[in-house]
>>> print(open('my_file-v3.csv').read())   # CSV, N, CA and C atoms
chain,number,residue,atom,x,y,z
A,3,MET,N,38.2,-97.6,46.2
A,3,MET,CA,38.1,-97.0,44.9
A,3,MET,C,38.4,-95.5,44.9
A,4,VAL,N,39.2,-95.1,44.1
A,4,VAL,CA,39.6,-93.7,44.0
A,4,VAL,C,38.6,-93.0,43.1
A,5,GLN,N,38.0,-91.9,43.6
A,5,GLN,CA,37.0,-91.2,42.8
A,5,GLN,C,37.7,-90.1,42.0
A,6,PRO,N,37.2,-89.7,40.8
A,6,PRO,CA,37.8,-88.7,40.0
A,6,PRO,C,37.7,-87.3,40.7
A,7,TRP,N,38.6,-86.4,40.5
A,7,TRP,CA,38.6,-85.1,41.1
A,7,TRP,C,38.1,-84.1,40.1
A,8,PRO,N,37.3,-83.1,40.3
A,8,PRO,CA,36.8,-82.7,41.6
A,8,PRO,C,35.4,-83.4,41.8
A,9,GLU,N,35.1,-83.5,43.1
A,9,GLU,CA,33.8,-83.9,43.6
A,9,GLU,C,32.9,-82.7,43.6
A,10,LYS,N,31.7,-83.0,43.9
A,10,LYS,CA,30.7,-81.9,44.0
A,10,LYS,C,30.8,-81.2,45.3
A,11,ILE,N,31.0,-79.9,45.3
A,11,ILE,CA,31.1,-79.1,46.6
A,11,ILE,C,30.1,-78.0,46.4
A,12,TYR,N,29.2,-77.9,47.3
A,12,TYR,CA,28.2,-76.9,47.3
A,12,TYR,C,28.5,-75.8,48.3
A,13,ILE,N,28.7,-74.6,47.9
A,13,ILE,CA,28.9,-73.4,48.8
A,13,ILE,C,27.9,-72.3,48.4
A,14,PRO,N,26.7,-72.4,49.0
A,14,PRO,CA,25.8,-71.3,48.7
A,14,PRO,C,26.3,-70.0,49.2
A,15,ARG,N,25.9,-68.9,48.6
A,15,ARG,CA,26.3,-67.5,49.0
A,15,ARG,C,26.0,-67.2,50.4
A,16,LYS,N,24.8,-67.7,50.9
A,16,LYS,CA,24.4,-67.3,52.3
A,16,LYS,C,25.2,-68.1,53.3
A,17,TRP,N,25.9,-69.1,52.9
A,17,TRP,CA,26.7,-69.9,53.9
A,17,TRP,C,28.2,-69.8,53.5
A,18,LYS,N,28.8,-68.6,53.6
A,18,LYS,CA,30.1,-68.4,53.2
A,18,LYS,C,31.1,-69.1,54.1
A,19,ASN,N,30.7,-69.5,55.3
A,19,ASN,CA,31.7,-70.1,56.2
A,19,ASN,C,31.5,-71.6,56.3
A,20,THR,N,30.8,-72.2,55.3
A,20,THR,CA,30.6,-73.6,55.3
A,20,THR,C,30.7,-74.1,53.9
A,21,ALA,N,31.0,-75.4,53.8
A,21,ALA,CA,31.1,-76.1,52.6
A,21,ALA,C,30.4,-77.4,52.7
A,22,ARG,N,29.5,-77.8,51.8
A,22,ARG,CA,28.7,-79.0,51.9
A,22,ARG,C,29.2,-80.0,50.9
A,23,PHE,N,29.3,-81.3,51.3
A,23,PHE,CA,29.9,-82.4,50.6
A,23,PHE,C,28.9,-83.5,50.5
A,24,VAL,N,28.8,-84.2,49.4
A,24,VAL,CA,28.0,-85.4,49.3
A,24,VAL,C,29.0,-86.5,48.9
A,25,LYS,N,29.1,-87.6,49.8
A,25,LYS,CA,30.0,-88.6,49.6
A,25,LYS,C,29.4,-90.0,49.7
A,26,ARG,N,29.9,-90.9,48.9
A,26,ARG,CA,29.4,-92.3,48.9
A,26,ARG,C,30.2,-93.0,50.0
A,27,ILE,N,29.5,-93.6,51.0
A,27,ILE,CA,30.2,-94.2,52.1
A,27,ILE,C,29.9,-95.7,52.2
A,28,HIS,N,28.9,-96.2,51.4
A,28,HIS,CA,28.6,-97.6,51.4
A,28,HIS,C,28.6,-98.2,50.0
A,29,SER,N,29.0,-99.4,49.9
A,29,SER,CA,29.0,-100.1,48.6
A,29,SER,C,27.6,-100.3,48.2
A,30,GLY,N,27.4,-100.5,47.0
A,30,GLY,CA,26.0,-100.8,46.5
A,30,GLY,C,25.7,-99.9,45.3
A,31,PRO,N,24.5,-99.9,44.8
A,31,PRO,CA,24.2,-99.1,43.6
A,31,PRO,C,24.4,-97.6,43.8
A,32,VAL,N,25.0,-97.0,42.8
A,32,VAL,CA,25.2,-95.5,42.8
A,32,VAL,C,23.9,-94.8,43.0
A,33,GLY,N,22.8,-95.2,42.4
A,33,GLY,CA,21.6,-94.5,42.5
A,33,GLY,C,20.8,-94.7,43.8
A,34,ASP,N,21.3,-95.5,44.7
A,34,ASP,CA,20.7,-95.7,46.0
A,34,ASP,C,21.1,-94.7,47.0
A,35,VAL,N,20.2,-93.8,47.5
A,35,VAL,CA,20.6,-92.7,48.4
A,35,VAL,C,21.1,-93.3,49.8
A,36,GLN,N,20.7,-94.6,50.0
A,36,GLN,CA,21.2,-95.2,51.3
A,36,GLN,C,22.7,-95.3,51.4
A,37,ASN,N,23.4,-95.2,50.2
A,37,ASN,CA,24.8,-95.4,50.2
A,37,ASN,C,25.6,-94.1,50.3
A,38,PHE,N,24.9,-92.9,50.6
A,38,PHE,CA,25.5,-91.6,50.6
A,38,PHE,C,25.3,-90.9,51.9
A,39,ILE,N,26.2,-89.9,52.1
A,39,ILE,CA,26.0,-89.1,53.3
A,39,ILE,C,26.3,-87.6,52.8
A,40,THR,N,25.6,-86.7,53.4
A,40,THR,CA,25.8,-85.3,53.1
A,40,THR,C,26.3,-84.7,54.4
A,41,TYR,N,27.4,-84.0,54.3
A,41,TYR,CA,27.9,-83.3,55.6
A,41,TYR,C,28.3,-81.9,55.2
A,42,GLN,N,28.4,-81.1,56.2
A,42,GLN,CA,28.7,-79.7,56.1
A,42,GLN,C,29.9,-79.4,57.0
A,43,ALA,N,31.0,-78.8,56.4
A,43,ALA,CA,32.2,-78.4,57.1
A,43,ALA,C,32.1,-77.0,57.5
A,44,LYS,N,32.4,-76.7,58.7
A,44,LYS,CA,32.4,-75.3,59.2
A,44,LYS,C,33.8,-74.7,59.1
A,45,ILE,N,34.0,-74.0,58.0
A,45,ILE,CA,35.3,-73.5,57.6
A,45,ILE,C,35.9,-72.5,58.7
A,46,GLN,N,35.1,-71.7,59.3
A,46,GLN,CA,35.6,-70.7,60.2
A,46,GLN,C,36.1,-71.4,61.5
A,47,ASN,N,35.8,-72.6,61.8
A,47,ASN,CA,36.3,-73.3,63.0
A,47,ASN,C,37.4,-74.3,62.7
A,48,VAL,N,38.0,-74.2,61.6
A,48,VAL,CA,39.1,-75.1,61.2
A,48,VAL,C,40.4,-74.8,62.1
A,49,LYS,N,41.0,-75.9,62.5
A,49,LYS,CA,42.3,-75.7,63.2
A,49,LYS,C,43.3,-76.4,62.3
A,50,ARG,N,44.4,-75.8,62.1
A,50,ARG,CA,45.4,-76.4,61.2
A,50,ARG,C,46.8,-76.1,61.7
A,51,SER,N,47.7,-77.1,61.3
A,51,SER,CA,49.1,-76.9,61.5
A,51,SER,C,49.8,-77.2,60.2
A,52,LEU,N,50.8,-76.4,59.9
A,52,LEU,CA,51.5,-76.5,58.6
A,52,LEU,C,53.0,-76.6,58.9
A,53,LYS,N,53.6,-77.6,58.4
A,53,LYS,CA,55.1,-77.8,58.5
A,53,LYS,C,55.7,-77.9,57.1
A,54,VAL,N,56.6,-77.0,56.8
A,54,VAL,CA,57.3,-77.0,55.5
A,54,VAL,C,58.8,-77.3,55.7
A,55,LYS,N,59.3,-78.3,55.1
A,55,LYS,CA,60.7,-78.7,55.2
A,55,LYS,C,61.3,-78.7,53.8
A,56,VAL,N,62.4,-77.9,53.6
A,56,VAL,CA,63.1,-77.9,52.4
A,56,VAL,C,64.4,-78.7,52.5
A,57,GLN,N,64.5,-79.8,51.7
A,57,GLN,CA,65.6,-80.6,51.8
A,57,GLN,C,66.8,-80.0,51.0
A,58,ARG,N,68.0,-80.5,51.3
A,58,ARG,CA,69.2,-80.0,50.6
A,58,ARG,C,69.2,-80.1,49.1
A,59,ASP,N,68.5,-81.1,48.6
A,59,ASP,CA,68.4,-81.3,47.2
A,59,ASP,C,67.3,-80.5,46.6
A,60,GLY,N,66.6,-79.6,47.4
A,60,GLY,CA,65.6,-78.7,46.9
A,60,GLY,C,64.2,-79.3,47.0
A,61,GLN,N,64.1,-80.6,47.4
A,61,GLN,CA,62.7,-81.2,47.5
A,61,GLN,C,62.0,-80.5,48.7
A,62,ILE,N,60.8,-80.2,48.5
A,62,ILE,CA,60.0,-79.6,49.5
A,62,ILE,C,58.9,-80.5,50.1
A,63,ASP,N,58.9,-80.7,51.4
A,63,ASP,CA,58.0,-81.6,52.0
A,63,ASP,C,57.0,-80.7,52.8
A,64,VAL,N,55.7,-81.0,52.7
A,64,VAL,CA,54.7,-80.2,53.4
A,64,VAL,C,53.8,-81.2,54.2
A,65,GLU,N,53.7,-80.9,55.5
A,65,GLU,CA,52.8,-81.7,56.3
A,65,GLU,C,51.7,-80.7,56.8
A,66,LEU,N,50.5,-81.1,56.4
A,66,LEU,CA,49.3,-80.2,56.8
A,66,LEU,C,48.3,-81.1,57.6
A,67,ASN,N,48.1,-80.7,58.8
A,67,ASN,CA,47.1,-81.4,59.6
A,67,ASN,C,45.9,-80.4,59.9
A,68,LEU,N,44.7,-80.9,59.6
A,68,LEU,CA,43.5,-80.1,59.8
A,68,LEU,C,42.6,-80.8,60.8
A,69,LYS,N,41.9,-80.0,61.6
A,69,LYS,CA,40.8,-80.5,62.4
A,69,LYS,C,39.6,-79.7,61.9
A,70,LEU,N,38.7,-80.3,61.2
A,70,LEU,CA,37.6,-79.6,60.5
A,70,LEU,C,36.3,-80.2,61.1
A,71,PRO,N,35.6,-79.4,61.9
A,71,PRO,CA,34.4,-79.9,62.4
A,71,PRO,C,33.3,-80.0,61.3
A,72,VAL,N,32.5,-81.0,61.3
A,72,VAL,CA,31.5,-81.2,60.3
A,72,VAL,C,30.2,-81.6,61.0
A,73,ASP,N,29.1,-81.2,60.4
A,73,ASP,CA,27.7,-81.6,60.8
A,73,ASP,C,27.1,-82.5,59.7
A,74,ILE,N,26.5,-83.6,60.1
A,74,ILE,CA,25.8,-84.5,59.2
A,74,ILE,C,24.5,-83.8,58.8
A,75,VAL,N,24.3,-83.6,57.5
A,75,VAL,CA,23.1,-82.9,57.0
A,75,VAL,C,22.1,-83.9,56.6
A,76,GLU,N,22.5,-85.0,55.9
A,76,GLU,CA,21.6,-86.0,55.5
A,76,GLU,C,22.3,-87.4,55.6
A,77,TYR,N,21.7,-88.3,56.1
A,77,TYR,CA,22.2,-89.7,56.2
A,77,TYR,C,21.0,-90.6,56.2
A,78,ALA,N,20.7,-91.2,55.0
A,78,ALA,CA,19.5,-92.0,54.8
A,78,ALA,C,19.3,-93.2,55.8
A,79,ARG,N,20.4,-93.7,56.3
A,79,ARG,CA,20.3,-94.9,57.2
A,79,ARG,C,20.0,-94.4,58.6
A,80,ASN,N,20.3,-93.1,58.9
A,80,ASN,CA,19.9,-92.4,60.1
A,80,ASN,C,20.1,-93.2,61.4
A,81,HIS,N,21.2,-93.8,61.6
A,81,HIS,CA,21.5,-94.5,62.8
A,81,HIS,C,22.5,-93.6,63.6
A,82,LEU,N,22.3,-92.3,63.7
A,82,LEU,CA,23.2,-91.4,64.4
A,82,LEU,C,23.1,-91.4,65.9
A,83,GLN,N,22.1,-92.1,66.4
A,83,GLN,CA,22.0,-92.2,67.9
A,83,GLN,C,22.9,-93.3,68.4
A,84,ASP,N,23.4,-94.2,67.6
A,84,ASP,CA,24.2,-95.2,68.0
A,84,ASP,C,25.7,-94.7,68.0
A,85,LYS,N,26.3,-94.7,69.2
A,85,LYS,CA,27.6,-94.1,69.3
A,85,LYS,C,28.7,-94.9,68.5
A,86,ALA,N,28.6,-96.2,68.4
A,86,ALA,CA,29.5,-97.0,67.7
A,86,ALA,C,29.4,-96.7,66.2
A,87,ASN,N,28.2,-96.4,65.7
A,87,ASN,CA,28.0,-96.0,64.3
A,87,ASN,C,28.6,-94.6,64.1
A,88,VAL,N,28.4,-93.7,65.0
A,88,VAL,CA,28.9,-92.4,64.8
A,88,VAL,C,30.5,-92.4,64.8
A,89,ARG,N,31.1,-93.3,65.6
A,89,ARG,CA,32.6,-93.4,65.6
A,89,ARG,C,33.0,-94.0,64.3
A,90,ARG,N,32.3,-95.0,63.7
A,90,ARG,CA,32.6,-95.6,62.5
A,90,ARG,C,32.5,-94.5,61.3
A,91,LEU,N,31.4,-93.7,61.4
A,91,LEU,CA,31.2,-92.7,60.4
A,91,LEU,C,32.3,-91.6,60.5
A,92,ASN,N,32.7,-91.3,61.7
A,92,ASN,CA,33.8,-90.3,61.9
A,92,ASN,C,35.1,-90.8,61.3
A,93,ARG,N,35.4,-92.1,61.5
A,93,ARG,CA,36.6,-92.7,60.9
A,93,ARG,C,36.5,-92.7,59.4
A,94,GLN,N,35.4,-93.1,58.8
A,94,GLN,CA,35.2,-93.1,57.4
A,94,GLN,C,35.3,-91.7,56.8
A,95,LEU,N,34.6,-90.8,57.3
A,95,LEU,CA,34.7,-89.4,56.8
A,95,LEU,C,36.1,-88.9,56.9
A,96,SER,N,36.8,-89.2,58.0
A,96,SER,CA,38.2,-88.7,58.1
A,96,SER,C,39.1,-89.3,57.0
A,97,GLU,N,38.9,-90.6,56.7
A,97,GLU,CA,39.6,-91.3,55.6
A,97,GLU,C,39.3,-90.7,54.3
A,98,ILE,N,38.0,-90.4,54.0
A,98,ILE,CA,37.6,-89.9,52.8
A,98,ILE,C,38.2,-88.5,52.6
A,99,MET,N,38.1,-87.7,53.6
A,99,MET,CA,38.6,-86.3,53.5
A,99,MET,C,40.1,-86.3,53.4
A,100,THR,N,40.8,-87.2,54.0
A,100,THR,CA,42.3,-87.4,53.8
A,100,THR,C,42.6,-87.7,52.3
A,101,GLN,N,41.9,-88.7,51.8
A,101,GLN,CA,42.1,-89.1,50.4
A,101,GLN,C,41.8,-87.9,49.5
A,102,ASP,N,40.7,-87.2,49.7
A,102,ASP,CA,40.4,-86.0,48.9
A,102,ASP,C,41.5,-85.0,49.0
A,103,GLY,N,42.0,-84.7,50.2
A,103,GLY,CA,43.1,-83.8,50.3
A,103,GLY,C,44.4,-84.2,49.6
A,104,GLU,N,44.7,-85.5,49.6
A,104,GLU,CA,45.8,-86.0,48.9
A,104,GLU,C,45.6,-85.9,47.4
A,105,GLN,N,44.4,-86.2,46.9
A,105,GLN,CA,44.1,-86.0,45.5
A,105,GLN,C,44.3,-84.5,45.1
A,106,LEU,N,43.8,-83.7,45.9
A,106,LEU,CA,43.9,-82.2,45.6
A,106,LEU,C,45.3,-81.8,45.6
A,107,SER,N,46.1,-82.3,46.5
A,107,SER,CA,47.5,-81.9,46.6
A,107,SER,C,48.2,-82.4,45.3
A,108,THR,N,47.9,-83.6,44.9
A,108,THR,CA,48.5,-84.2,43.7
A,108,THR,C,48.1,-83.3,42.5
A,109,HIS,N,46.8,-82.9,42.4
A,109,HIS,CA,46.3,-82.1,41.3
A,109,HIS,C,47.1,-80.8,41.3
A,110,PHE,N,47.3,-80.1,42.4
A,110,PHE,CA,48.0,-78.9,42.5
A,110,PHE,C,49.5,-79.1,42.1
A,111,ARG,N,50.1,-80.2,42.5
A,111,ARG,CA,51.5,-80.4,42.1
A,111,ARG,C,51.6,-80.5,40.6
A,112,LYS,N,50.7,-81.2,40.0
A,112,LYS,CA,50.7,-81.4,38.5
A,112,LYS,C,50.6,-80.0,37.8
A,113,MET,N,49.8,-79.1,38.5
A,113,MET,CA,49.7,-77.8,37.9
A,113,MET,C,50.8,-76.9,38.3
A,114,ASP,N,51.7,-77.4,39.2
A,114,ASP,CA,52.8,-76.6,39.7
A,114,ASP,C,52.3,-75.4,40.5
A,115,VAL,N,51.2,-75.7,41.3
A,115,VAL,CA,50.6,-74.6,42.1
A,115,VAL,C,50.4,-75.2,43.5
A,116,MET,N,50.6,-74.5,44.6
A,116,MET,CA,50.3,-75.0,45.9
A,116,MET,C,49.8,-73.8,46.7
A,117,PRO,N,48.4,-73.7,46.9
A,117,PRO,CA,47.9,-72.6,47.7
A,117,PRO,C,48.2,-72.9,49.2
A,118,LEU,N,48.7,-71.9,49.9
A,118,LEU,CA,48.9,-72.1,51.3
A,118,LEU,C,48.0,-71.4,52.2
A,119,ALA,N,47.1,-70.6,51.6
A,119,ALA,CA,46.1,-69.8,52.4
A,119,ALA,C,44.9,-70.6,52.7
>>> encode(input="my_file-v3.csv", output="structure tokens")
Amino acid sequence: MVQPWPEKIYIPRKWKNTARFVKRIHSGPVGDVQNFITYQAKIQNVKRSLKVKVQRDGQIDVELNLKLPVDIVEYARNHLQDKANVRRLNRQLSEIMTQDGEQLSTHFRKMDVMPLA
């Protein structure tokens, strides 16, 4: 299910180097906190690679790869001691963050804006 953009992002003043996200990761009722996870991304530790290719016809292709460390802030199911569950959550969050990035990129393209910083 594709979620509408923008999602809620909390960036308190005292945490200028972090961004907090709340995401639904389990199916079920929207009002059930068991279906959500809260995580915090450490922006100062991001590793990125950016490749820009301009085709002969003027089309621009951009490949952006990010390694963004995150900490789980809240997870109601709290099975974080189970390594298999942590790996599954890692895959899920990676997929969610990739989808969010693609939606954001699409949004910027529609506005004819692409921030590179």
>>> residues_near_point(input="my_file-v3.csv", point="(24.0, -89.0, 51.0)", cutoff="6.5 Å", atoms="all atoms listed in the file", output="PyMOL selection string")
chain A and resi 24-25+35-40+76-78
>>> residues_around(input="my_file-v3.csv", residues="Asn92 in chain A", least_positions_apart="6", cutoff="12 Å", atoms="only C-alpha atoms", output="list in words")
Ile27, Ile39, Tyr41, Leu70, Pro71, Val72, Asp73, Ile74, Leu82, Lys85, Ala86, Ile98 and Met99 of chain A
>>> atom_distance(input="my_file-v3.csv", atom1="CA of Leu66 in chain A", atom2="CA of Arg90 in chain A")
23.4 Å
>>> select_by_dssp(input="my_file-v3.csv", residues="chain A", states="alpha helix (DSSP H)", output="number ranges by chain")
A: 85-113
>>> atom_distance(input="my_file-v3.csv", atom1="atom C of Leu52 in chain A", atom2="CA of Glu65 in chain A")
5.7 Å
>>> atom_distance(input="my_file-v3.csv", atom1="atom C of Arg58 in chain A", atom2="CA of Ser107 in chain A")
21.9 Å
>>> select_by_dssp(input="my_file-v3.csv", residues="range 5-119 of chain A", states="strand (DSSP E)", output="ChimeraX atom specification")
/A:11-12,20-26,38-44,49-56,62-69,72-77
